[in-house]
Amino acid sequence: MVTNMTNKSFGILIHGAGWVSAQHLAAYSANPNTEIIAISSRSVESAQRRANEAGLKDVATYDDLATALKHPGIDIVSICTPQHLHCQNVITAAQAGKHLVIEKPVANSLEELAQMQDAVNEAGVQTVVSFVLRWNPLFQELKRRIAHGDIGRPYYVEADYLSHNGSWWSGWNDARTVEQGGSAMLVGGCHAVDALRWFAAEGEFEAARPVEVFAVNGGYRKGSTREYNPIDNTWTQNAPPMEYDGLEVALVKFDNGAIGKISVNADCIMPYRFPVRIFGNRGTMFDQRVFCPGTAEQTAWTELSEIQPDSSDVSHHPFQGEIDHFVECLQTDRPSHCNLADAALTHEVVFAANQCYQTGQPCRIGR
Ligand SMILES: NC(=O)c1ccc[n+]([C@@H]2O[C@H](COP(=O)([O-])OP(=O)(O)OC[C@H]3O[C@@H](n4cnc5c(N)ncnc54)[C@H](OP(=O)(O)O)[C@@H]3O)[C@@H](O)[C@H]2O)c1
């Protein structure tokens, strides 16, 4: 039975006071059941700057996570540091008994994924991972229609993460390296893997379980110092280079029989786009267009008007939906559909793709 704890409020610590943290702060500020208590980062100055920009007074600031976790009243920690720090940050906060909002990518290896899941399970804390497009209005409407049966059973799904990531992003210097970023699919393309899993499952709050992956990588940008800025449409000739391939294409088989295809393209010269195509045995969805002749004697595409995922700016991303959802999960004592255990499956696809580049063979996932 679901426990009703509707009025419970939660104290918040934000760890990592960079670009994405501003959106976490805004979402918690707008949620009536959360109070931002503390911000920690590499330096107290940047934690304080973030607090000032958010108009927050009486917020404690720290330059160390372990110390910040001792501040009284903290229930939820948002991990907003660069990805190579997420594993240790999550373990430290889970061991302190805190619920966790974890920025993607959550881990840089299968070993990290396992360690994090062990720590979270042992501590009995709840998690949500910022695969934030699950709360994008168009994605929510498409998912509702799939769950309603409008296009029948999805048997083939495509998603493309098309983003010329580069120095326009404050996190790029961490994310562009093999050691800290890993791959284009891990850094940002994991959103496309998550979308594939989300739309390949029929349940409104269900993501499909991957069983096999085959991937190839290539493109032209790896190692290049020539970089395009899609935000202001300019070129730089001596940017710090991206150390991995910018183009990855992967086929994914799911345990429900559906097949998915993603491309991750950090080499593309164009503004950010995130197209999706979902083919069901009774209809089809192409981005915001839906065609399902069985349900409405339809002869033309229906155009949906919901907001599409067509901007890389975090202020456009639906963090409010994610945070409100997680608070409701905690209040009603039920796990998020987008928790660490679920996100681990998305990350397993990314790591399987890396294995394909080594072996040239398809890679099975799961036991
Ligand atoms: N879900 C999404 O759609 C989305 C969108 C954007 C980013 N992200 C993810 O969010 C994460 C952060 O990205 P971002 O864009 O916010 O990057 P960012 O602007 O570089 O911010 C990272 C912050 O982490 C802090 N930091 C770095 N090293 C630290 C350390 N050793 N200890 C404590 N704090 C440390 C930095 O602190 P100082 O300022 O104190 O130096 C910086 O403020 C990444 O994993 C990224 O992929 C997700």
# chains A, B, ... in the order shown; residues from 1 in each chain; ligands from 1
$ select_by_dssp --residues "range 75-199 of chain A" --states "strand (DSSP E)" --output "NGL selection string"
:A and (76-79 or 99-102 or 127-129 or 154-162)
$ residues_near_ligand --ligand "ligand 1" --cutoff "6 Å" --atoms "only C-alpha atoms and all ligand atoms" --output "list of chain:residue names"
A:Gly16, A:Ala17, A:Gly18, A:Trp19, A:Val20, A:Ser21, A:Ser41, A:Arg42, A:Ser43, A:Ser46, A:Cys80, A:Thr81, A:Pro82, A:Gln83, A:Glu103, A:Lys104, A:Pro105, A:Ser130, A:Phe131, A:Val132, A:Ser170, A:Gly171, A:Val187, A:Val314
$ residues_around --residues "Ser224 in chain A" --least-positions-apart "4" --cutoff "9 Å" --atoms "only C-alpha atoms" --output "count of residues only"
8
$ residues_around --residues "Thr67 in chain A" --least-positions-apart "3" --cutoff "12 Å" --atoms "only C-alpha atoms" --output "JSON, numbers by chain"
{"A": [13, 15, 38, 39, 40, 41, 60, 61, 62, 63, 64, 70, 71, 72, 74, 92, 93, 96]}
$ write_last_selection --atoms "N, CA and C atoms" --output "PDB file, in the first residue's frame"
ATOM      1  N   LEU A  13      20.797  20.029  -0.092  1.00  0.00           N
ATOM      2  CA  LEU A  13      22.192  20.431  -0.325  1.00  0.00           C
ATOM      3  C   LEU A  13      22.487  20.268  -1.808  1.00  0.00           C
ATOM      4  N   HIS A  15      25.499  20.062  -4.441  1.00  0.00           N
ATOM      5  CA  HIS A  15      26.954  19.887  -4.488  1.00  0.00           C
ATOM      6  C   HIS A  15      27.441  20.066  -5.927  1.00  0.00           C
ATOM      7  N   ALA A  38      21.962  24.358   1.973  1.00  0.00           N
ATOM      8  CA  ALA A  38      23.416  24.517   1.811  1.00  0.00           C
ATOM      9  C   ALA A  38      23.830  24.262   0.361  1.00  0.00           C
ATOM     10  N   ILE A  39      24.954  24.900  -0.023  1.00  0.00           N
ATOM     11  CA  ILE A  39      25.571  24.671  -1.337  1.00  0.00           C
ATOM     12  C   ILE A  39      27.049  24.404  -1.083  1.00  0.00           C
ATOM     13  N   SER A  40      27.567  23.340  -1.679  1.00  0.00           N
ATOM     14  CA  SER A  40      29.008  23.084  -1.587  1.00  0.00           C
ATOM     15  C   SER A  40      29.578  22.986  -2.997  1.00  0.00           C
ATOM     16  N   SER A  41      30.858  23.320  -3.123  1.00  0.00           N
ATOM     17  CA  SER A  41      31.512  23.262  -4.431  1.00  0.00           C
ATOM     18  C   SER A  41      33.020  23.166  -4.198  1.00  0.00           C
ATOM     19  N   ALA A  60      24.015  28.039   3.844  1.00  0.00           N
ATOM     20  CA  ALA A  60      25.397  27.736   4.238  1.00  0.00           C
ATOM     21  C   ALA A  60      26.203  27.350   3.005  1.00  0.00           C
ATOM     22  N   THR A  61      27.491  27.702   2.979  1.00  0.00           N
ATOM     23  CA  THR A  61      28.338  27.340   1.841  1.00  0.00           C
ATOM     24  C   THR A  61      29.581  26.588   2.333  1.00  0.00           C
ATOM     25  N   TYR A  62      29.996  25.622   1.552  1.00  0.00           N
ATOM     26  CA  TYR A  62      31.121  24.748   1.924  1.00  0.00           C
ATOM     27  C   TYR A  62      31.995  24.470   0.710  1.00  0.00           C
ATOM     28  N   ASP A  63      33.257  24.097   0.980  1.00  0.00           N
ATOM     29  CA  ASP A  63      34.125  23.647  -0.114  1.00  0.00           C
ATOM     30  C   ASP A  63      34.459  22.162   0.039  1.00  0.00           C
ATOM     31  N   ASP A  64      33.631  21.452   0.805  1.00  0.00           N
ATOM     32  CA  ASP A  64      33.935  20.040   1.047  1.00  0.00           C
ATOM     33  C   ASP A  64      32.621  19.298   1.296  1.00  0.00           C
ATOM     34  N   LYS A  70      27.281  17.212   7.054  1.00  0.00           N
ATOM     35  CA  LYS A  70      27.017  17.245   8.502  1.00  0.00           C
ATOM     36  C   LYS A  70      26.088  18.397   8.887  1.00  0.00           C
ATOM     37  N   HIS A  71      25.807  19.297   7.945  1.00  0.00           N
ATOM     38  CA  HIS A  71      24.931  20.433   8.256  1.00  0.00           C
ATOM     39  C   HIS A  71      23.541  19.893   8.610  1.00  0.00           C
ATOM     40  N   PRO A  72      22.948  20.382   9.707  1.00  0.00           N
ATOM     41  CA  PRO A  72      21.653  19.833  10.137  1.00  0.00           C
ATOM     42  C   PRO A  72      20.540  20.063   9.109  1.00  0.00           C
ATOM     43  N   ILE A  74      19.607  18.287   6.314  1.00  0.00           N
ATOM     44  CA  ILE A  74      19.696  17.936   4.889  1.00  0.00           C
ATOM     45  C   ILE A  74      19.093  16.543   4.652  1.00  0.00           C
ATOM     46  N   THR A  92      29.558   8.816  -0.905  1.00  0.00           N
ATOM     47  CA  THR A  92      29.700   9.607   0.328  1.00  0.00           C
ATOM     48  C   THR A  92      28.342  10.085   0.843  1.00  0.00           C
ATOM     49  N   ALA A  93      27.514  10.595  -0.046  1.00  0.00           N
ATOM     50  CA  ALA A  93      26.209  11.134   0.380  1.00  0.00           C
ATOM     51  C   ALA A  93      25.255  10.008   0.781  1.00  0.00           C
ATOM     52  N   ALA A  96      25.919   8.834   4.137  1.00  0.00           N
ATOM     53  CA  ALA A  96      25.425   9.797   5.139  1.00  0.00           C
ATOM     54  C   ALA A  96      23.899   9.739   5.236  1.00  0.00           C
TER      55      ALA A  96
END
$ closest_residue --among "A:Pro318, A:Pro271, A:Gly181, A:Pro210" --to "His164 in chain A" --atoms "only C-alpha atoms"
A:Pro271
$ closest_residue --among "A:Ala201, A:Val216, A:Ala94, A:Leu100" --to "Ile14 in chain A" --atoms "only C-alpha atoms"
A:Leu100
$ closest_residue --among "A:His191, A:His316, A:Lys222, A:Arg49" --to "His347 in chain A" --atoms "only C-alpha atoms"
A:His191
$ closest_residue --among "A:Leu65, A:Ile307, A:Ala207, A:Leu85" --to "Ala341 in chain A" --atoms "only C-alpha atoms"
A:Ala207
$ residues_around --residues "Gly218 in chain A" --least-positions-apart "5" --cutoff "8 Å" --atoms "only C-alpha atoms" --output "PyMOL selection string"
chain A and resi 245-248
$ select_by_dssp --residues "range 254-337 of chain A" --states "helix (DSSP H, G or I)" --output "list in words"
Pro293, Gly294, Thr295, Ala296, Val314, Ser315, His316, Phe319, Gln320, Gly321, Glu322, Ile323, Asp324, His325, Phe326, Val327, Glu328, Cys329, Leu330, Gln331 and Thr332 of chain A
$ closest_atom_pairs --of "range 187-209 of chain A" --to "range 280-293 of chain A" --cutoff "12 Å" --atoms "only C-alpha atoms" --output "Markdown table"
| residue | atom | partner | partner_atom | distance |
| --- | --- | --- | --- | --- |
| A:Phe199 | CA | A:Gly280 | CA | 10.3 |
| A:Ala200 | CA | A:Gly280 | CA | 9.4 |
| A:Ala201 | CA | A:Gly280 | CA | 10.8 |
| A:Glu202 | CA | A:Gly280 | CA | 10.0 |
$ closest_residue --among "A:Ala352, A:Val90, A:Val157, A:Leu251" --to "Leu69 in chain A" --atoms "only C-alpha atoms"
A:Val90
$ closest_residue --among "A:Tyr357, A:Phe319, A:Trp169, A:Tyr155" --to "Asn31 in chain A" --atoms "only C-alpha atoms"
A:Phe319
$ residues_around --residues "Gln320 in chain A" --least-positions-apart "3" --cutoff "7 Å" --atoms "only C-alpha atoms" --output "PyMOL selection string"
chain A and resi 27+323-324
$ write_last_selection --atoms "N, CA and C atoms" --output "mmCIF file, in the first residue's frame"
data_model
loop_
_atom_site.group_PDB
_atom_site.id
_atom_site.type_symbol
_atom_site.label_atom_id
_atom_site.label_comp_id
_atom_site.auth_asym_id
_atom_site.auth_seq_id
_atom_site.Cartn_x
_atom_site.Cartn_y
_atom_site.Cartn_z
ATOM 1 N N ALA A 27 14.453 24.901 -9.481
ATOM 2 C CA ALA A 27 13.366 23.917 -9.326
ATOM 3 C C ALA A 27 13.032 23.694 -7.854
ATOM 4 N N ILE A 323 12.283 17.337 -10.435
ATOM 5 C CA ILE A 323 12.365 17.570 -8.982
ATOM 6 C C ILE A 323 10.995 17.364 -8.328
ATOM 7 N N ASP A 324 9.947 17.879 -8.957
ATOM 8 C CA ASP A 324 8.596 17.688 -8.394
ATOM 9 C C ASP A 324 8.265 16.193 -8.314
#
$ atom_distance --atom1 "CA of Arg144 in chain A" --atom2 "CA of Phe274 in chain A"
19.1 Å
$ residues_around --residues "range 262-265 of chain A" --least-positions-apart "5" --cutoff "12 Å" --atoms "only C-alpha atoms" --output "NGL selection string"
:A and (156-165 or 183-197 or 213-222 or 244-253 or 270-277 or 349-350 or 353)
